[in-house]
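Student: As input, take target_19.csv (CSV, C-alpha atoms):
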chain,number,residue,atom,x,y,z
A,1,MET,CA,72.3,120.4,112.7
A,2,PRO,CA,75.0,119.6,110.2
A,3,HIS,CA,73.1,116.8,108.5
A,4,SER,CA,69.9,118.8,108.0
A,5,ASP,CA,71.9,121.8,106.8
A,6,ASN,CA,73.3,119.7,103.9
A,7,LEU,CA,69.9,118.4,103.0
A,8,ILE,CA,68.4,121.9,103.2
A,9,ALA,CA,71.0,123.3,100.9
A,10,ASP,CA,70.2,120.6,98.4
A,11,LEU,CA,66.5,121.1,98.6
A,12,VAL,CA,66.8,124.9,98.3
A,13,GLY,CA,68.8,124.4,95.2
A,14,GLN,CA,66.1,122.2,93.7
A,15,LEU,CA,63.2,124.6,94.5
A,16,GLU,CA,60.9,125.4,91.6
A,17,PRO,CA,57.7,127.4,91.9
A,18,VAL,CA,54.7,125.2,92.5
A,19,ARG,CA,51.0,125.7,92.0
A,20,PRO,CA,49.1,124.9,95.2
A,21,LEU,CA,46.5,122.1,94.9
A,22,GLY,CA,43.3,124.2,95.3
A,23,PHE,CA,40.1,122.5,96.3
A,24,ALA,CA,38.0,124.0,93.5
A,25,ARG,CA,40.6,123.0,90.9
A,26,GLY,CA,40.7,119.4,92.1
A,27,LEU,CA,36.9,119.1,92.2
A,28,ALA,CA,36.7,120.7,88.8
A,29,TYR,CA,39.1,118.0,87.4
A,30,ALA,CA,36.9,115.2,88.8
A,31,LEU,CA,33.7,116.8,87.5
A,32,ALA,CA,35.2,117.4,84.1
A,33,ALA,CA,36.2,113.7,84.0
A,34,ALA,CA,32.7,112.8,85.0
A,35,ALA,CA,31.2,115.1,82.3
A,36,LEU,CA,33.5,113.5,79.7
A,37,SER,CA,32.3,110.1,80.7
A,38,VAL,CA,28.7,111.2,80.4
A,39,VAL,CA,29.3,112.6,76.9
A,40,ALA,CA,31.1,109.5,75.8
A,41,ILE,CA,28.4,107.1,77.1
A,42,VAL,CA,25.5,109.1,75.8
A,43,GLY,CA,27.4,109.6,72.5
A,44,LEU,CA,28.1,105.9,72.1
A,45,PHE,CA,24.9,104.4,73.4
A,46,GLY,CA,22.3,107.2,73.2
A,47,LEU,CA,20.0,108.8,75.7
A,48,ARG,CA,17.1,107.0,77.4
A,49,PRO,CA,14.0,107.3,75.3
A,50,ASP,CA,12.0,109.1,78.0
A,51,LEU,CA,14.8,111.7,78.6
A,52,ALA,CA,15.1,112.2,74.9
A,53,VAL,CA,11.5,113.4,74.8
A,54,GLY,CA,11.7,115.4,78.0
A,55,ARG,CA,9.9,113.0,80.3
A,56,PHE,CA,11.3,112.0,83.7
A,57,ASP,CA,10.8,108.8,85.7
A,58,PRO,CA,10.8,109.3,89.5
A,59,MET,CA,12.9,106.1,90.1
A,60,HIS,CA,15.5,107.3,87.6
A,61,ILE,CA,15.7,110.7,89.1
A,62,VAL,CA,16.1,109.4,92.7
A,63,SER,CA,18.6,106.7,91.9
A,64,SER,CA,20.7,108.8,89.5
A,65,GLY,CA,20.5,111.7,91.9
A,66,LEU,CA,21.9,109.5,94.7
A,67,PHE,CA,24.7,108.2,92.6
A,68,LEU,CA,25.5,111.7,91.5
A,69,MET,CA,25.6,113.0,95.0
A,70,LEU,CA,27.7,110.1,96.2
A,71,GLY,CA,30.2,110.8,93.3
A,72,ILE,CA,30.4,114.4,94.2
A,73,ALA,CA,30.8,113.8,98.0
A,74,ALA,CA,33.4,111.1,97.5
A,75,SER,CA,35.3,113.2,95.0
A,76,ALA,CA,35.3,116.3,97.3
A,77,THR,CA,36.6,114.1,100.1
A,78,VAL,CA,39.4,112.7,97.9
A,79,VAL,CA,40.4,116.2,96.9
A,80,MET,CA,40.4,117.3,100.6
A,81,MET,CA,42.5,114.3,101.5
A,82,SER,CA,45.2,115.3,99.0
A,83,ARG,CA,45.9,118.4,101.3
A,84,PRO,CA,46.7,117.0,104.7
A,85,ARG,CA,45.9,118.8,107.9
A,86,VAL,CA,45.7,117.7,111.5
A,87,GLY,CA,42.3,118.3,113.0
A,88,ILE,CA,40.1,117.3,110.1
A,89,ALA,CA,37.8,114.2,109.9
A,90,HIS,CA,37.0,112.9,106.4
A,91,ASP,CA,33.7,111.3,107.2
A,92,GLY,CA,31.0,113.5,105.7
A,93,TRP,CA,30.7,111.2,102.7
A,94,THR,CA,29.5,108.4,104.9
A,95,TRP,CA,26.0,110.0,105.2
A,96,VAL,CA,25.6,110.1,101.4
A,97,ALA,CA,26.9,106.5,101.2
A,98,ALA,CA,24.5,105.3,103.8
A,99,THR,CA,21.6,107.0,101.9
A,100,THR,CA,22.7,105.5,98.6
A,101,ALA,CA,23.0,102.1,100.3
A,102,LEU,CA,19.2,102.1,100.4
A,103,LEU,CA,19.1,101.3,96.7
A,104,PRO,CA,20.7,97.8,97.1
A,105,VAL,CA,18.8,97.2,100.3
A,106,ALA,CA,15.5,98.0,98.6
A,107,GLY,CA,16.5,96.0,95.5
A,108,VAL,CA,17.2,92.9,97.6
A,109,ALA,CA,14.0,93.4,99.7
A,110,VAL,CA,11.8,93.8,96.6
A,111,ALA,CA,13.4,90.9,94.8
A,112,ILE,CA,12.7,88.6,97.8
A,113,SER,CA,9.1,89.9,98.2
A,114,ARG,CA,8.3,89.5,94.5
A,115,SER,CA,9.9,86.1,94.3
A,116,ALA,CA,11.2,87.5,91.0
A,117,ASP,CA,13.6,85.5,89.0
A,118,VAL,CA,16.4,88.0,89.3
A,119,PHE,CA,18.8,85.5,87.8
A,120,SER,CA,17.0,84.8,84.6
A,121,ALA,CA,19.2,84.9,81.5
A,122,GLN,CA,17.6,88.0,80.3
A,123,SER,CA,18.0,90.0,83.5
A,124,VAL,CA,21.5,88.8,84.1
A,125,GLY,CA,22.5,89.7,80.5
A,126,HIS,CA,21.0,93.2,80.9
A,127,GLY,CA,22.6,93.5,84.3
A,128,ILE,CA,26.1,92.6,83.0
A,129,GLU,CA,25.7,95.1,80.2
A,130,CYS,CA,25.0,97.9,82.8
A,131,PHE,CA,27.7,96.7,85.1
A,132,ALA,CA,30.4,96.5,82.4
A,133,THR,CA,29.6,99.8,80.7
A,134,GLY,CA,29.1,101.6,83.9
A,135,GLY,CA,32.4,100.2,85.1
A,136,ALA,CA,34.1,101.4,81.8
A,137,GLY,CA,32.5,104.8,82.4
A,138,ALA,CA,34.3,105.0,85.8
A,139,VAL,CA,37.7,104.8,84.3
A,140,LEU,CA,38.2,108.5,83.6
A,141,VAL,CA,37.2,109.7,87.0
A,142,PHE,CA,39.3,106.9,88.6
A,143,ALA,CA,42.4,108.0,86.7
A,144,ALA,CA,41.8,111.7,87.3
A,145,LEU,CA,41.4,111.3,91.1
A,146,THR,CA,44.4,108.9,91.3
A,147,ALA,CA,46.5,111.4,89.4
A,148,TRP,CA,45.4,114.2,91.7
A,149,LEU,CA,46.2,112.2,94.8
A,150,ARG,CA,49.7,111.4,93.5
A,151,LYS,CA,50.3,115.2,93.4
A,152,GLY,CA,49.0,115.6,96.9
A,153,ALA,CA,49.9,114.1,100.2
A,154,PRO,CA,47.1,111.8,101.4
A,155,THR,CA,47.9,110.5,104.9
A,156,SER,CA,45.3,107.7,104.7
A,157,PRO,CA,46.0,106.1,101.3
A,158,ASP,CA,43.7,103.2,102.0
A,159,LEU,CA,40.7,105.4,102.6
A,160,ALA,CA,41.7,107.7,99.7
A,161,GLY,CA,41.8,104.6,97.4
A,162,LEU,CA,38.4,103.4,98.6
A,163,LEU,CA,36.8,106.8,98.0
A,164,THR,CA,38.4,107.1,94.6
A,165,GLY,CA,36.7,103.9,93.6
A,166,ILE,CA,33.4,105.0,95.1
A,167,ALA,CA,33.5,108.3,93.3
A,168,ALA,CA,34.5,106.7,90.0
A,169,GLY,CA,31.9,104.0,90.2
A,170,SER,CA,29.2,106.4,91.2
A,171,PHE,CA,29.9,108.8,88.3
A,172,GLY,CA,30.3,105.8,85.9
A,173,ILE,CA,26.9,104.3,86.7
A,174,PHE,CA,25.3,107.8,86.8
A,175,ALA,CA,26.5,108.3,83.3
A,176,PHE,CA,25.2,104.9,82.1
A,177,GLY,CA,22.0,105.5,83.9
A,178,LEU,CA,21.3,108.2,81.3
A,179,HIS,CA,21.2,105.4,78.7
A,180,CYS,CA,19.7,102.5,80.7
A,181,ALA,CA,15.9,102.7,80.5
A,182,ASP,CA,15.3,100.1,83.2
A,183,ASN,CA,13.5,101.7,86.2
A,184,ASP,CA,13.1,98.6,88.2
A,185,ILE,CA,14.5,98.9,91.7
A,186,VAL,CA,15.7,95.3,91.6
A,187,HIS,CA,17.9,96.0,88.6
A,188,ILE,CA,19.1,99.4,89.8
A,189,GLY,CA,19.7,98.1,93.4
A,190,LEU,CA,21.7,95.1,92.3
A,191,TRP,CA,23.5,95.8,89.1
A,192,HIS,CA,23.9,99.6,89.2
A,193,SER,CA,25.0,99.5,92.8
A,194,ALA,CA,27.4,96.7,92.0
A,195,VAL,CA,29.4,99.1,89.9
A,196,VAL,CA,30.0,101.3,92.9
A,197,LEU,CA,30.8,98.4,95.2
A,198,VAL,CA,33.3,96.7,92.8
A,199,MET,CA,35.0,100.0,91.9
A,200,ALA,CA,35.3,100.8,95.6
A,201,GLY,CA,37.0,97.4,96.0
A,202,LEU,CA,39.3,98.1,93.1
A,203,GLY,CA,40.2,101.5,94.4
A,204,ARG,CA,41.0,100.1,97.8
A,205,ALA,CA,43.1,97.4,96.3
A,206,LEU,CA,45.0,99.4,93.6
A,207,VAL,CA,45.2,103.1,94.6
A,208,PRO,CA,47.1,103.0,97.9
A,209,ALA,CA,50.2,101.6,96.3
A,210,LEU,CA,50.1,104.4,93.7
A,211,VAL,CA,49.6,107.3,96.0
A,212,ARG,CA,51.7,106.3,99.0
A,213,TRP,CA,54.6,108.7,99.6
B,1,MET,CA,64.0,133.1,118.0
B,2,ARG,CA,61.2,130.8,117.1
B,3,ALA,CA,59.1,131.4,114.1
B,4,ASP,CA,55.3,131.6,114.6
B,5,GLU,CA,52.4,130.4,112.5
B,6,THR,CA,52.1,133.7,110.7
B,7,SER,CA,55.7,134.0,109.7
B,8,LEU,CA,56.0,130.4,108.7
B,9,ALA,CA,52.9,130.7,106.5
B,10,ARG,CA,54.4,133.8,104.9
B,11,LEU,CA,57.7,132.0,104.2
B,12,MET,CA,55.7,129.1,102.7
B,13,VAL,CA,53.8,131.4,100.4
B,14,MET,CA,57.1,132.9,99.1
B,15,SER,CA,58.6,129.4,98.9
B,16,GLN,CA,55.8,128.1,96.7
B,17,LYS,CA,56.5,131.0,94.4
B,18,GLY,CA,60.1,129.9,94.1
B,19,ASP,CA,61.9,132.3,96.6
B,20,ARG,CA,64.9,130.3,97.6
B,21,GLN,CA,66.0,132.6,100.4
B,22,ALA,CA,62.6,132.3,102.0
B,23,TYR,CA,62.6,128.6,101.4
B,24,ALA,CA,66.0,128.2,103.2
B,25,ALA,CA,64.7,130.1,106.2
B,26,LEU,CA,61.5,128.0,106.2
B,27,LEU,CA,63.3,124.7,106.1
B,28,HIS,CA,65.6,125.7,108.9
B,29,GLU,CA,62.7,126.8,111.0
B,30,CYS,CA,60.8,123.6,110.2
B,31,ALA,CA,63.9,121.5,111.1
B,32,ARG,CA,63.9,123.1,114.5
B,33,TRP,CA,60.2,122.7,114.9
B,34,LEU,CA,60.4,119.1,113.9
B,35,ARG,CA,63.1,118.3,116.5
B,36,ARG,CA,60.9,119.7,119.2
B,37,TYR,CA,57.8,118.0,117.8
B,38,TYR,CA,59.5,114.6,117.7
B,39,SER,CA,61.2,115.0,121.1
B,40,ARG,CA,60.5,112.1,123.5
B,41,ARG,CA,58.7,110.3,120.7
B,42,VAL,CA,61.8,109.3,118.7
B,43,ALA,CA,65.0,107.7,119.8
B,44,PRO,CA,67.8,110.2,119.6
B,45,ALA,CA,69.7,108.0,117.2
B,46,GLN,CA,66.8,108.2,114.8
B,47,MET,CA,66.0,111.9,115.2
B,48,ASP,CA,68.2,113.1,112.4
B,49,ASP,CA,66.9,110.6,109.9
B,50,LEU,CA,63.3,111.3,110.7
B,51,VAL,CA,63.7,115.1,110.5
B,52,GLN,CA,65.4,114.8,107.2
B,53,GLU,CA,62.8,112.4,105.8
B,54,THR,CA,60.1,114.8,106.9
B,55,LEU,CA,61.9,117.8,105.3
B,56,LEU,CA,62.2,115.7,102.1
B,57,SER,CA,58.5,115.0,102.2
B,58,LEU,CA,57.7,118.7,102.8
B,59,HIS,CA,59.8,119.5,99.7
B,60,ASN,CA,58.1,116.9,97.5
B,61,LYS,CA,54.6,117.8,98.7
B,62,LEU,CA,55.1,121.6,98.7
B,63,ALA,CA,52.0,122.0,96.5
B,64,SER,CA,49.7,120.3,99.0
B,65,TRP,CA,49.6,123.3,101.3
B,66,ASP,CA,47.0,126.0,100.5
B,67,SER,CA,47.7,129.5,101.8
B,68,SER,CA,44.1,129.8,102.9
B,69,ARG,CA,44.7,127.2,105.6
B,70,PRO,CA,47.1,127.2,108.6
B,71,PHE,CA,50.6,126.0,108.1
B,72,LEU,CA,51.5,124.2,111.3
B,73,PRO,CA,48.6,121.6,111.1
B,74,TRP,CA,49.8,120.8,107.6
B,75,LEU,CA,53.3,120.4,108.7
B,76,ALA,CA,52.2,118.3,111.7
B,77,ALA,CA,50.2,116.0,109.4
B,78,ILE,CA,53.3,115.4,107.3
B,79,ALA,CA,55.3,114.9,110.4
B,80,ARG,CA,52.8,112.4,111.9
B,81,TYR,CA,52.7,110.5,108.6
B,82,ARG,CA,56.5,110.1,108.6
B,83,TRP,CA,56.5,109.2,112.3
B,84,VAL,CA,53.9,106.5,111.9
B,85,ASP,CA,55.7,105.3,108.8
B,86,SER,CA,59.0,105.1,110.7
B,87,LEU,CA,57.3,103.1,113.5
B,88,ARG,CA,55.9,100.7,111.0
B,89,ARG,CA,59.3,100.3,109.3
B,90,LEU,CA,60.8,99.5,112.8
B,91,TYR,CA,57.9,97.1,113.3
B,92,ARG,CA,58.7,95.3,110.1
B,93,ALA,CA,62.5,95.4,110.6
B,94,ASP,CA,62.2,94.5,114.3
B,95,GLU,CA,64.9,97.0,115.2
B,96,CYS,CA,64.2,97.6,118.8
B,97,THR,CA,67.6,98.6,120.1
B,98,LEU,CA,67.3,102.1,121.4
B,99,ASP,CA,69.2,102.9,124.5
B,100,THR,CA,69.8,106.5,125.6
B,101,ASP,CA,67.7,108.6,127.8
B,102,LEU,CA,64.7,110.1,126.2
B,103,ILE,CA,64.1,113.1,128.3
B,104,GLY,CA,62.9,116.0,126.1
B,105,HIS,CA,61.7,119.5,126.5
B,106,ASP,CA,58.2,120.7,126.7
B,107,GLU,CA,58.8,123.7,124.4
B,108,GLU,CA,55.7,123.3,122.3
B,109,PRO,CA,53.5,126.4,122.3
B,110,ALA,CA,50.0,125.9,123.5
B,111,ILE,CA,48.6,125.8,119.9
B,112,ALA,CA,50.7,122.8,119.3
B,113,ALA,CA,48.9,120.7,121.8
B,114,ARG,CA,46.1,120.1,119.3
B,115,ILE,CA,48.6,118.8,116.7
B,116,SER,CA,51.0,117.0,119.0
B,117,ILE,CA,52.1,113.4,118.7
B,118,ASP,CA,51.0,112.9,122.3
B,119,ARG,CA,47.5,113.6,121.2
B,120,LEU,CA,47.8,111.0,118.5
B,121,LEU,CA,49.1,108.5,120.9
B,122,GLY,CA,46.3,109.4,123.3
B,123,ALA,CA,43.8,108.2,120.7
B,124,LEU,CA,45.0,104.6,121.3
B,125,SER,CA,44.0,102.4,124.2
B,126,ASP,CA,46.4,102.6,127.2
B,127,ALA,CA,47.6,99.1,126.5
B,128,GLN,CA,48.4,99.9,122.8
B,129,ALA,CA,50.1,103.2,123.6
B,130,ARG,CA,52.2,101.6,126.3
B,131,ALA,CA,53.3,98.7,124.1
B,132,ILE,CA,54.2,101.0,121.2
B,133,THR,CA,56.0,103.5,123.5
B,134,LEU,CA,58.0,100.8,125.3
B,135,VAL,CA,59.0,98.7,122.3
B,136,LYS,CA,59.0,101.1,119.3
B,137,ILE,CA,60.2,104.3,121.0
B,138,GLU,CA,62.1,103.3,124.1
B,139,GLY,CA,63.5,100.2,122.6
B,140,LEU,CA,62.6,97.5,125.1
B,141,SER,CA,62.4,93.9,123.8
B,142,ILE,CA,59.0,92.3,123.6
B,143,ALA,CA,59.9,90.2,126.7
B,144,GLU,CA,60.9,93.3,128.7
B,145,ALA,CA,57.7,95.1,127.6
B,146,SER,CA,55.7,92.1,128.6
B,147,GLN,CA,57.3,92.2,132.1
B,148,ALA,CA,56.9,96.0,132.4
B,149,THR,CA,53.2,96.0,131.4
B,150,GLY,CA,52.0,92.6,132.7
B,151,GLN,CA,50.7,91.8,129.3
B,152,SER,CA,51.6,88.5,127.7
B,153,GLU,CA,54.3,88.7,124.9
B,154,SER,CA,51.7,87.8,122.3
B,155,LEU,CA,49.4,90.5,123.6
B,156,VAL,CA,52.2,93.1,123.4
B,157,LYS,CA,52.7,92.1,119.8
B,158,VAL,CA,49.0,92.3,119.1
B,159,ASN,CA,48.7,95.7,120.8
B,160,ILE,CA,51.6,97.0,118.7
B,161,HIS,CA,50.2,95.7,115.5
B,162,ARG,CA,46.7,97.1,116.2
B,163,GLY,CA,48.0,100.3,117.6
B,164,LEU,CA,50.1,101.1,114.5
B,165,LYS,CA,47.1,100.4,112.2
B,166,LYS,CA,45.0,102.7,114.3
B,167,LEU,CA,47.7,105.5,114.3
B,168,ALA,CA,47.8,105.3,110.5
B,169,ARG,CA,44.1,105.9,110.3
B,170,LEU,CA,44.1,108.8,112.8
B,171,ILE,CA,46.9,110.9,111.5
B,172,GLU,CA,44.7,113.9,110.6
B,173,LYS,CA,41.7,113.1,112.8
B,174,ALA,CA,43.1,112.7,116.3
Using structure tokens, write down the structure that the file contains.
Tutor:
Amino acid sequence: MPHSDNLIADLVGQLEPVRPLGFARGLAYALAAAALSVVAIVGLFGLRPDLAVGRFDPMHIVSSGLFLMLGIAASATVVMMSRPRVGIAHDGWTWVAATTALLPVAGVAVAISRSADVFSAQSVGHGIECFATGGAGAVLVFAALTAWLRKGAPTSPDLAGLLTGIAAGSFGIFAFGLHCADNDIVHIGLWHSAVVLVMAGLGRALVPALVRW
Amino acid sequence: MRADETSLARLMVMSQKGDRQAYAALLHECARWLRRYYSRRVAPAQMDDLVQETLLSLHNKLASWDSSRPFLPWLAAIARYRWVDSLRRLYRADECTLDTDLIGHDEEPAIAARISIDRLLGALSDAQARAITLVKIEGLSIAEASQATGQSESLVKVNIHRGLKKLARLIEKA
């Protein structure tokens, strides 16, 4: 194998010690980025009034809990995808995603049944504020997971990109949910979920080209 | 002598720590393993290039293996990724001029059945696998593949296109 021999000699000459991409370290990066986003958003905009006095709203707990779990599940899958292996299916996150999808479904159903004016200037203005700030809160996690994937070897860059967006959007809106005091399912189901959907689309569109190897 | 999973994993651990002697041994063993892995699924003229591309990927992605996990499924994932990528490049470049006999050797150990390329191809429909094998691996023209399979030429193209997309999605799963 003369050709391979030359290449092997070159590669051996270039060898430097490497630190294996551990699962716990990768997930810790994502969670640290999410924690920083929470600190930044709460620091800039403040905590919800009810949380500030130690009271909890059931709708807030359920919706934020779903976004948080989706963020963790998608991040864990992205980290696993950075370390390829034949014989593994990266589809555990779909169950959490399906559960979280109940929020927009419920939001739409309630909006229709209420005949509520979900497109009033006030509700759209508030929705855009949540959407924009939640999206901004997704940037750190998006960057952290993309950087992690670039170190790794994802064999499905399209899926990895989609999940990076889902994780980033979920953590971003989870963080902003600590400020947003609106407990209406229509608002949460439409505007908060939109952050996850749009970030998923962005991840699917932007990340594959950055992590392909 | 053929290295087994345990000794390859041991060499890999030493390589990740910067042991060049172990790394040289590992790369030589991987080159041999890859030639067997790709046999019958790559035209002989392209074997060298593909093995070298895969070794280069292995080198660049050395950190993506974790010593708590088996080595060969990791190497097979990288090999499949490079193989599918080479098929897609062929697809885009429309280079379908392979000619020599493609008889290989079934030297894979039993454990390799799970991570083989045949298993990946087996995840496709018969029509897709046949179209890809005839055109992208054996080098027939679209018209020749159409005659051999009884599919229309446009259907052969559709099966290749859809099959390659599916292969890319199933690299680790199948």
Student: Just checking: using only C-alpha atoms, which residue out of B:Met12, B:Ile115, B:Leu87, B:Leu27 ends up closest to Glu172 (chain B)?
Tutor: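 The closest residue to Glu172 (chain B) is B:Ile115.
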Student: Identify every residue of chain A that has at least one atom within 7 Å of any atom of chain B, counting all atoms listed in the file, and report the result as a list of chain:residue names.
Tutor: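 So the contacting residues turn out to be A:Ser4, A:Ile8, A:Leu11, A:Val12, A:Leu15, A:Glu16, A:Pro17, A:Val18, A:Arg19, A:Pro20, A:Leu21, A:Gly22, A:Ser82, A:Arg83, A:Pro84, A:Arg85, A:Val86, A:Gly87, A:Ile88, A:Ala89, A:Gly152, A:Ala153, A:Thr155, A:Ser156.
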Student: Pick out the residues sitting within 9 Å of Ala101 (chain A), and hand them over as a PyMOL selection string; count only C-alpha atoms, and ignore anything fewer than 5 positions along from it in its own chain.
Tutor: chain A and resi 96+106+189+193
Student: For a quick check of your reading of the model, name the residues lying within 9 Å of the coordinate (22.5, 94.3, 87.8), counting all atoms listed in the file, and write them as a VMD selection string.
Tutor: chain A and resid 118 123 to 131 186 to 195
Student: With C-alpha atoms retained, export the selected residues as a compact mmCIF listing (two decimals), in the coordinates of the input.
Tutor:
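New file selection_25.txt:
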# COMPACT_ATOMS: atom_id res chain seq x y z
CA VAL A 118 16.40 88.00 89.30
CA SER A 123 18.00 90.00 83.50
CA VAL A 124 21.50 88.80 84.10
CA GLY A 125 22.50 89.70 80.50
CA HIS A 126 21.00 93.20 80.90
CA GLY A 127 22.60 93.50 84.30
CA ILE A 128 26.10 92.60 83.00
CA GLU A 129 25.70 95.10 80.20
CA CYS A 130 25.00 97.90 82.80
CA PHE A 131 27.70 96.70 85.10
CA VAL A 186 15.70 95.30 91.60
CA HIS A 187 17.90 96.00 88.60
CA ILE A 188 19.10 99.40 89.80
CA GLY A 189 19.70 98.10 93.40
CA LEU A 190 21.70 95.10 92.30
CA TRP A 191 23.50 95.80 89.10
CA HIS A 192 23.90 99.60 89.20
CA SER A 193 25.00 99.50 92.80
CA ALA A 194 27.40 96.70 92.00
CA VAL A 195 29.40 99.10 89.90
Student: As an mmCIF file with C-alpha atoms, in the frame of the given file, please: the residues near region 121-127 of chain B (cut-off 12 Å, only C-alpha atoms, same-chain neighbours under 5 positions excluded).
Tutor:
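And here is the file that came out, selection-v2.cif:
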data_model
loop_
_atom_site.group_PDB
_atom_site.id
_atom_site.type_symbol
_atom_site.label_atom_id
_atom_site.label_comp_id
_atom_site.auth_asym_id
_atom_site.auth_seq_id
_atom_site.Cartn_x
_atom_site.Cartn_y
_atom_site.Cartn_z
ATOM 1 C CA ARG B 41 58.700 110.300 120.700
ATOM 2 C CA ARG B 80 52.800 112.400 111.900
ATOM 3 C CA TRP B 83 56.500 109.200 112.300
ATOM 4 C CA VAL B 84 53.900 106.500 111.900
ATOM 5 C CA ALA B 113 48.900 120.700 121.800
ATOM 6 C CA ARG B 114 46.100 120.100 119.300
ATOM 7 C CA ILE B 115 48.600 118.800 116.700
ATOM 8 C CA SER B 116 51.000 117.000 119.000
ATOM 9 C CA ILE B 132 54.200 101.000 121.200
ATOM 10 C CA THR B 133 56.000 103.500 123.500
ATOM 11 C CA LEU B 134 58.000 100.800 125.300
ATOM 12 C CA ILE B 137 60.200 104.300 121.000
ATOM 13 C CA ALA B 145 57.700 95.100 127.600
ATOM 14 C CA SER B 146 55.700 92.100 128.600
ATOM 15 C CA ALA B 148 56.900 96.000 132.400
ATOM 16 C CA THR B 149 53.200 96.000 131.400
ATOM 17 C CA GLY B 150 52.000 92.600 132.700
ATOM 18 C CA GLN B 151 50.700 91.800 129.300
ATOM 19 C CA SER B 152 51.600 88.500 127.700
ATOM 20 C CA LEU B 155 49.400 90.500 123.600
ATOM 21 C CA VAL B 156 52.200 93.100 123.400
ATOM 22 C CA LYS B 157 52.700 92.100 119.800
ATOM 23 C CA VAL B 158 49.000 92.300 119.100
ATOM 24 C CA ASN B 159 48.700 95.700 120.800
ATOM 25 C CA ILE B 160 51.600 97.000 118.700
ATOM 26 C CA HIS B 161 50.200 95.700 115.500
ATOM 27 C CA ARG B 162 46.700 97.100 116.200
ATOM 28 C CA GLY B 163 48.000 100.300 117.600
ATOM 29 C CA LEU B 164 50.100 101.100 114.500
ATOM 30 C CA LYS B 165 47.100 100.400 112.200
ATOM 31 C CA LYS B 166 45.000 102.700 114.300
ATOM 32 C CA LEU B 167 47.700 105.500 114.300
ATOM 33 C CA ALA B 168 47.800 105.300 110.500
ATOM 34 C CA ARG B 169 44.100 105.900 110.300
ATOM 35 C CA LEU B 170 44.100 108.800 112.800
ATOM 36 C CA ILE B 171 46.900 110.900 111.500
ATOM 37 C CA GLU B 172 44.700 113.900 110.600
ATOM 38 C CA LYS B 173 41.700 113.100 112.800
ATOM 39 C CA ALA B 174 43.100 112.700 116.300
#
Student: As an exercise, work out the distance from CA of Met47 (chain B) to CA of Asp118 (chain B) in Å and give it to one decimal place.
Tutor: 16.6 Å
Student: Might you pull out every residue within 10 Å of Ala181 (chain A), with only C-alpha atoms counted and same-chain residues fewer than 4 positions away left off, and present them as an NGL selection string?
Tutor: :A and (47-51 or 57 or 60 or 176-177)
Student: Write out as number ranges by chain each polymer residue whose atoms come within 9 Å of region 93-95 of chain A, counting only C-alpha atoms; drop sequence neighbours fewer than 3 positions from it.
Tutor: A: 70, 73-74, 76-77, 90, 98-100, 163
Student: Hey, which of A:Met80, A:Ile166, A:Leu159, A:Ala40 ends up closest to Ala24 (chain A)? Count all atoms listed in the file.
Tutor: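 Of all the options, A:Met80 lies closest to Ala24 (chain A).
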Student: Under the rule that only C-alpha atoms are counted, which of B:Gln128, B:Ser154, B:Ser7, B:Gln46 is the nearest residue to Ser86 (chain B)?
Tutor: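 Looking only at the distances to Ser86 (chain B), the closest residue turns out to be B:Gln46.
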Student: Output as a short mmCIF file (atom, residue, chain, number, x, y, z; two decimals), in the coordinates of the input: region 22-29 of chain B, completed with N, CA, C and O atoms.
Tutor:
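Dumped everything to out06.cif:
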data_model
loop_
_atom_site.label_atom_id
_atom_site.label_comp_id
_atom_site.auth_asym_id
_atom_site.auth_seq_id
_atom_site.Cartn_x
_atom_site.Cartn_y
_atom_site.Cartn_z
N ALA B 22 63.67 132.57 101.10
CA ALA B 22 62.60 132.30 102.00
C ALA B 22 62.48 130.80 102.31
O ALA B 22 62.23 130.38 103.45
N TYR B 23 62.73 130.01 101.29
CA TYR B 23 62.60 128.60 101.40
C TYR B 23 63.71 128.04 102.40
O TYR B 23 63.45 127.16 103.24
N ALA B 24 64.91 128.58 102.28
CA ALA B 24 66.00 128.20 103.20
C ALA B 24 65.61 128.49 104.63
O ALA B 24 65.77 127.66 105.55
N ALA B 25 65.09 129.70 104.82
CA ALA B 25 64.70 130.10 106.20
C ALA B 25 63.55 129.19 106.67
O ALA B 25 63.54 128.75 107.84
N LEU B 26 62.62 128.89 105.78
CA LEU B 26 61.50 128.00 106.20
C LEU B 26 61.98 126.63 106.57
O LEU B 26 61.57 126.10 107.61
N LEU B 27 62.86 126.06 105.78
CA LEU B 27 63.30 124.70 106.10
C LEU B 27 64.11 124.66 107.40
O LEU B 27 63.99 123.71 108.17
N HIS B 28 64.91 125.69 107.65
CA HIS B 28 65.60 125.70 108.90
C HIS B 28 64.67 125.80 110.11
O HIS B 28 64.84 125.12 111.12
N GLU B 29 63.66 126.66 109.95
CA GLU B 29 62.70 126.80 111.00
C GLU B 29 61.91 125.46 111.20
O GLU B 29 61.63 125.03 112.33
#
